[in-house]
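Everything below concerns the one structure shown next.
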Amino acid sequence: MSSNKADLMNEDLLEAVRQRCWRMEIPLVGVADVRRWESPPFLPWMPEEFYPHSIFPEARSVIVIGLPISLPVLETSPSIYYRELYATVNVLLDQYTYRLSNFLCERGHPSIFVPRDGYSGIQALLKNPMAFFSVRHAAFLAGLGSFGVNNMLLTPRYGPRVRFGAVLTAAALPSDPLQMETLCNRCMRCVKMCPAGALGEKDYPQGLTDRMSCARHSAELNRRGISPCGICIKVCPVGEDRELFGRQDASIYSKKERFSEGHKAWEHVQSYGGL
Ligand code: B12
Ligand code: SF4
Ligand code: SF4
């Protein structure tokens, strides 16, 4: 087959994947050629065994999807409300990526989903707070956003309030352009408001999250049935979702008088459903 014909076929396949995502109400979809892992856009980068084609040698592309975390629910964190939302989004991410991988397999392209997290529970994270594949780096390489001081991937639509899932596929799909413009405005709200002191002021990846402090805080919240924390994604002013919900002023979290009815609602939710 000529390479032009193959390119056209892959454009069609990508369009079919996008349509499928659209029908499942998935707002963010991006694609990265696996060769992008071999040319690190910044250092330190991850060891080779974390590359998609190390995990699935047939992989030629990675499809990344993103689902939003509703800001008003996250604002109640730490709470049973955010915990339930987190669990719901996680189930959907795994189901959607599983279904997308089958959609591709049925069309003759070997494909597998990657779990949106990939650890057995908080005890596993306390032992080693790392997974076998980095979904946020996949999302970056698929052009979905740029890293912030909070170590999260910030997207134009939802800032860091988005969770990602990935499909490794043998199909050679056209890649999306990287988001090279930095969305983080270095306001340092995430650093100042982190209850575990786990974030520093340096840009990613020079400033890495103190994973153990964050994981220990998460373990304590888990003991009370109200993990995860997520304060560093709640207070970030980046994202069009803030406009949608009328929350352009991110100082409302530290200055109670600026949004007293919000604080009253969050305290109400926080007083139920946890230990
Ligand atoms: C382990 C983990 C944690 C741990 C460790 C966090 C951390 N910063 O690494 C804990 C429990 C603390 C945690 C907390 C949170 N997490 Co978390 N977490 C993960 C998980 C499961 C694995 C990350 C991983 O180990 N990847 C593999 C390694 C290779 O990649 P990496 O961690 O990004 O490591 C890079 C660098 O840190 C560096 N590095 C790492 N270790 C070392 C060591 C050395 C020596 C060097 C030189 C470099 C280096 O190199 C790597 C490449 O640059 C991912 C899901 C996934 N599978 O990707 C979610 C994920 C990163 N978490 C997520 C979120 C949202 C959170 C929280 C906000 C909690 C919440 N859900 O509300 C907090 C935020 C913490 C923060 N500000 O950093 C989202 C991020 C979404 C986004 N928009 O970016 C993810 C992608 C889950 C998802 N499917 O969407 N998390
Ligand atoms: S999740 Fe909470 S403890 Fe962890 S870095 Fe973010 S604000 Fe800090
Ligand atoms: S809260 Fe401010 S410093 Fe932190 S990631 Fe968002 S924009 Fe960057």
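The way I read the labels, and the way they are meant: chains A, B, ... in the order of the structure tokens, residue 1 as the first residue of every chain, and ligand 1 as the first ligand shown, with later ones counted on from there.
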
**Report entry** Near-ligand residues for ligand 2, threshold 9 Å, only C-alpha atoms and all ligand atoms, as number ranges by chain
**Finding:** A: 150-151, 190-199, 209-211, 213-218, 228-235

**Report entry** Contacts of ligand 3, 6 Å or closer, only C-alpha atoms and all ligand atoms, given as a VMD selection string
**Finding:** chain A and resid 148 to 150 184 to 190 235 to 238

Using only C-alpha atoms and all ligand atoms, which residues of chain A come within 7 Å of ligand 1, and what is the closest atom pair for each, with the distance in Å to one decimal? Give it as CSV, sorted by chain and residue number.
residue,atom,partner,partner_atom_place_in_ligand_line,distance
A:Leu43,CA,ligand 1,53 (O),6.9
A:Pro44,CA,ligand 1,47 (C),5.3
A:Trp45,CA,ligand 1,53 (O),4.2
A:Met46,CA,ligand 1,52 (C),4.1
A:Phe50,CA,ligand 1,29 (C),6.1
A:Tyr86,CA,ligand 1,71 (N),6.9
A:Pro115,CA,ligand 1,57 (N),7.0
A:Arg116,CA,ligand 1,89 (N),4.0
A:Asp117,CA,ligand 1,21 (C),3.9
A:Gly118,CA,ligand 1,57 (N),5.4
A:Tyr119,CA,ligand 1,21 (C),6.4
A:Leu125,CA,ligand 1,11 (C),6.3
A:Pro129,CA,ligand 1,1 (C),4.4
A:Met130,CA,ligand 1,25 (O),3.1
A:Ala131,CA,ligand 1,25 (O),4.0
A:Phe132,CA,ligand 1,27 (C),5.7
A:Phe133,CA,ligand 1,27 (C),4.8
A:Ser134,CA,ligand 1,58 (O),3.4
A:Val135,CA,ligand 1,58 (O),3.7
A:Arg136,CA,ligand 1,86 (C),4.5
A:His137,CA,ligand 1,33 (O),6.3
A:Asn150,CA,ligand 1,77 (N),4.6
A:Asn151,CA,ligand 1,78 (O),4.9
A:Met152,CA,ligand 1,84 (O),3.6
A:Leu153,CA,ligand 1,84 (O),3.6
A:Leu154,CA,ligand 1,83 (N),5.9
A:Pro160,CA,ligand 1,83 (N),4.2
A:Arg161,CA,ligand 1,83 (N),5.9
A:Val162,CA,ligand 1,83 (N),4.9
A:Arg163,CA,ligand 1,90 (O),3.3
A:Phe164,CA,ligand 1,90 (O),3.9
A:Gly165,CA,ligand 1,89 (N),5.5
A:Leu199,CA,ligand 1,77 (N),6.8
A:Pro205,CA,ligand 1,53 (O),6.5
A:Leu208,CA,ligand 1,37 (O),5.9
A:Thr209,CA,ligand 1,78 (O),4.8
A:Arg211,CA,ligand 1,12 (C),4.4
A:Met212,CA,ligand 1,12 (C),6.4
A:Cys214,CA,ligand 1,12 (C),4.5
A:Ala215,CA,ligand 1,12 (C),4.3
A:Ser218,CA,ligand 1,11 (C),6.6
A:Pro228,CA,ligand 1,72 (O),4.9
A:Cys229,CA,ligand 1,72 (O),5.1
A:Gly230,CA,ligand 1,72 (O),3.4
A:Cys232,CA,ligand 1,77 (N),6.0
A:Ile233,CA,ligand 1,68 (C),5.8

Query raised in the report: Could you pull the residues within 9 Å of region 62-75 of chain A, counting only C-alpha atoms, minus those fewer than 3 positions along the same chain, as a PyMOL selection string?
Result: chain A and resi 21+25-34+52+59+78-79+81-83+85-86+89+92-93+96-97+135+138-139+142+144+157-158+160-170+173+175+230-231+233-235+241-242+245+247+253+262+266

Query raised in the report: Where does DSSP see alpha helix (DSSP H) in region 12-183 of chain A, if you list the residues as a ChimeraX atom specification?
Result: /A:12-23,52-55,71-74,80-106,122-127,135-141

Query - Given only C-alpha atoms as the counted atoms, nearest of A:Phe42, A:Gln95, A:Tyr51, A:Glu257 to Asp203 (chain A) - result: A:Phe42

**Report entry** Between CA of Gln270 (chain A) and CA of Glu240 (chain A), distance in Å (one decimal)
**Finding:**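 Result for CA of Gln270 (chain A) versus CA of Glu240 (chain A): 26.0 Å, one decimal.
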
Query raised in the report: When distances are computed from only C-alpha atoms, which of A:Leu14, A:Ile55, A:Leu178, A:Val91 shows the smallest separation from Gly145 (chain A)?
Result: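 Distance minimum relative to Gly145 (chain A) lands on A:Leu178.
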
Report task. Calculate how many Å separate CA of Arg107 (chain A) from CA of Met24 (chain A), rounding to one decimal. Result ->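 Calculated distance between CA of Arg107 (chain A) and CA of Met24 (chain A) is 18.5 Å.
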